[in-house]
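Student: The structure is given below, and queries will be raised subsequently.
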Amino acid sequence: MPILKNLADVIPGLGKFTYDPSLGTVFVTSGTGLIGYRVAMMLIEAGHKDVRVGIWKGERQGLAEGYVEKILAKLTESGAQLVDFDWADDRDFAAAVKGCKTVFCTIPHIPHWSDMFPAFIRACKDAKVEHFVKLSFLRSKHNFKGVAEIARQYRDNVPFVSFHGVCDDLLEQTKNNSRMSHTILCASHLMATPILLQGNLLRENHKFITASYGMGVNYVSPNDVAEAAVVVMLNMKPHRNQIYNITGPRPVKDSQVAKMLSQVYGKDIEHIQLGYHEYKENVHKRGLPDWQVRDAAAWEKMKASGIDENPLGYTKDFENIVGKKPESFVDYLNNKARMRPGLVFP
């Protein structure tokens, strides 16, 4: 089948793969987001043309002028169907998933989105969606001393992870009261997150500010997460009602991230290490809302605990799904072909 050859071109190094043509129309909840854009484009490039993407019409702060428009133009040019989708407005839900067999739910990082998740699940059930693929943070599934214990500590200490955990619990229950199956892809720290959070500090001032106290961090490539999602959707049968923890290859220190950024972008990036309270105040001064300041500080506190340096916290789930090794941080930075159009340094 052509889609198999195309997918091998889209995901270099793809292992043994069986294409399931019953995928149907796919709805991606955020077509302009870090993972959603990649997934939508990979599906289309692989030859699956029935891709619908949700577009939030709200104001996005801190983005270059015309940035979102370039993403929308690329998606439209590629053949994606664009629809309005706002987690704060459940009136968008039914129209977004109407006629869809598969839903890919990205990682919303907006306030109170988890309060709306039950209504979205109901809309998917009503629309007779057959398979729901959701992104999340690490979840208890593997050995207790490794990923499971690490996932529990993150859920207990980071509100963002806690909210996702509640939604994951709800999604797991759907197999008991509907025909909709699920796959939950639980990723560790996305490599893009600390970069995007820096904003103008990095783009203009060339400063990379963290509070991880020199500890290694379990960073995973957004490209790996997107590839795992695409493989799961194009070959659903073995992945129905499964949970996977997608991790990076090894711990990476933020001081190393700053050096890699300097090397790849040809800028002298200064790594500044702050204490927890100093970091929280620094993020607050950037003008971010209180809930985002809270989450950012909680992430750094967990990173500083050294929990991500536990070798048992790294799984082979990505390798088992896709059939290749996880992407390194420097390879992620150099993989500009997968970046959203219009993205400038970083």
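Letters A, B, ... mark the chains of the structure tokens in the order given; residue numbers begin at 1 per chain; ligand numbers begin at 1, in order shown.
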As a VMD selection string, please: every residue in segment 114-313 of chain A that DSSP puts in alpha helix (DSSP H).
Tutor: chain A and resid 114 to 126 149 to 157 159 to 177 193 to 198 200 to 203 222 to 234 254 to 265 276 to 285 290 to 304
Student: Counting only C-alpha atoms, which residues of segment 90-173 of chain A sit at most 7 Å from some atom of segment 186-204 of chain A, and what is each one's closest atom pair with its distance in Å to one decimal, listed by chain and rising residue number, as CSV?
Tutor:
residue,atom,partner,partner_atom,distance
A:Leu135,CA,A:Cys186,CA,5.8
A:Ser136,CA,A:Cys186,CA,4.4
A:Phe137,CA,A:Cys186,CA,4.5
A:Leu138,CA,A:Cys186,CA,4.7
A:Arg139,CA,A:Cys186,CA,6.3
Student: Provide the atom CA of Asn310 of chain A to atom CA of Gly216 of chain A distance in Å, to one decimal place.
Tutor: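 Distance reported for this atom pair: 9.3 Å.
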Student: As a short mmCIF file (atom, residue, chain, number, x, y, z; two decimals) with C-alpha atoms, in the first residue's frame, please: the residues near segment 65-82 of chain A (cut-off 12 Å, only C-alpha atoms, same-chain neighbours under 2 positions excluded).
Tutor:
data_model
loop_
_atom_site.label_atom_id
_atom_site.label_comp_id
_atom_site.auth_asym_id
_atom_site.auth_seq_id
_atom_site.Cartn_x
_atom_site.Cartn_y
_atom_site.Cartn_z
CA THR A 25 -11.59 10.77 9.84
CA VAL A 26 -9.20 11.91 12.58
CA PHE A 27 -9.89 14.95 14.76
CA VAL A 28 -6.80 16.62 16.27
CA THR A 29 -7.76 18.94 19.13
CA SER A 30 -5.04 21.54 18.48
CA GLY A 31 -3.69 21.97 14.96
CA THR A 32 -1.43 24.88 15.87
CA GLY A 33 0.09 23.23 18.94
CA LEU A 34 3.52 21.68 19.32
CA GLY A 36 -0.95 18.53 17.22
CA TYR A 37 0.62 20.23 14.22
CA ARG A 38 3.22 17.48 13.87
CA VAL A 39 0.63 14.71 14.10
CA ALA A 40 -1.72 16.32 11.58
CA MET A 41 1.07 16.90 9.07
CA MET A 42 2.54 13.40 9.50
CA LEU A 43 -0.87 11.78 8.89
CA ILE A 44 -1.39 13.86 5.76
CA GLU A 45 2.15 13.30 4.47
CA ALA A 46 1.70 9.56 5.01
CA GLY A 47 -1.31 9.66 2.71
CA HIS A 48 -4.22 9.84 5.17
CA LYS A 49 -6.22 12.80 3.88
CA ASP A 50 -9.21 12.73 6.28
CA VAL A 51 -7.68 14.96 8.95
CA ARG A 52 -9.67 17.61 10.83
CA VAL A 53 -7.88 19.98 13.17
CA GLY A 54 -9.25 22.16 15.92
CA ILE A 55 -8.21 25.80 15.89
CA TRP A 56 -8.48 28.04 18.93
CA LYS A 57 -9.47 31.57 17.93
CA GLY A 58 -8.30 33.25 21.14
CA GLU A 59 -5.38 35.65 21.47
CA ARG A 60 -1.95 34.06 21.84
CA GLN A 61 0.58 36.09 23.76
CA GLY A 62 4.30 36.21 23.07
CA LEU A 63 4.19 34.92 19.49
CA ASP A 84 -13.21 26.04 15.59
CA PHE A 85 -12.35 24.33 18.86
CA ALA A 95 -19.38 19.68 15.52
CA ALA A 96 -15.64 19.02 15.92
CA VAL A 97 -15.99 15.24 16.31
CA MET A 339 9.11 22.58 13.33
CA ARG A 340 5.99 24.64 12.82
CA PRO A 341 6.29 27.12 9.94
CA GLY A 342 7.24 30.63 10.88
CA LEU A 343 9.08 29.52 14.01
CA VAL A 344 12.15 31.64 14.61
#
Student: So, with only C-alpha atoms as the atoms that count, which of A:Arg152, A:Lys134, A:Arg250, A:Lys125 lies closest to Met180 of chain A?
Tutor: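 Ranked by minimum distance to Met180 of chain A, first place goes to A:Lys125.
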Student: In Å, rounded to a single decimal, give me how far atom CA of Thr18 of chain A is from atom CA of Pro238 of chain A.
Tutor: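 Going from atom CA of Pro238 of chain A over to atom CA of Thr18 of chain A, I get 10.1 Å.
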Student: So that I can see what lies close to Asp331 of chain A, please list as a PyMOL selection string the residues with an atom at most 9 Å from it, counting only C-alpha atoms and leaving out residues fewer than 4 positions away in the same chain.
Tutor: chain A and resi 221+327+335
Student: As JSON, numbers by chain, please: the residues near segment 11-16 of chain A (cut-off 10 Å, only C-alpha atoms, same-chain neighbours under 3 positions excluded).
Tutor: {"A": [6, 7, 8, 42, 46, 223, 224, 227, 228, 230, 231, 319, 320, 321, 322, 323, 324, 325]}
Student: Have a look at A:Arg240, A:Lys207, A:Lys285, A:Arg155 and name the one nearest to Gln273 of chain A; count only C-alpha atoms.
Tutor: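 Smallest separation from Gln273 of chain A among the options: A:Lys207.
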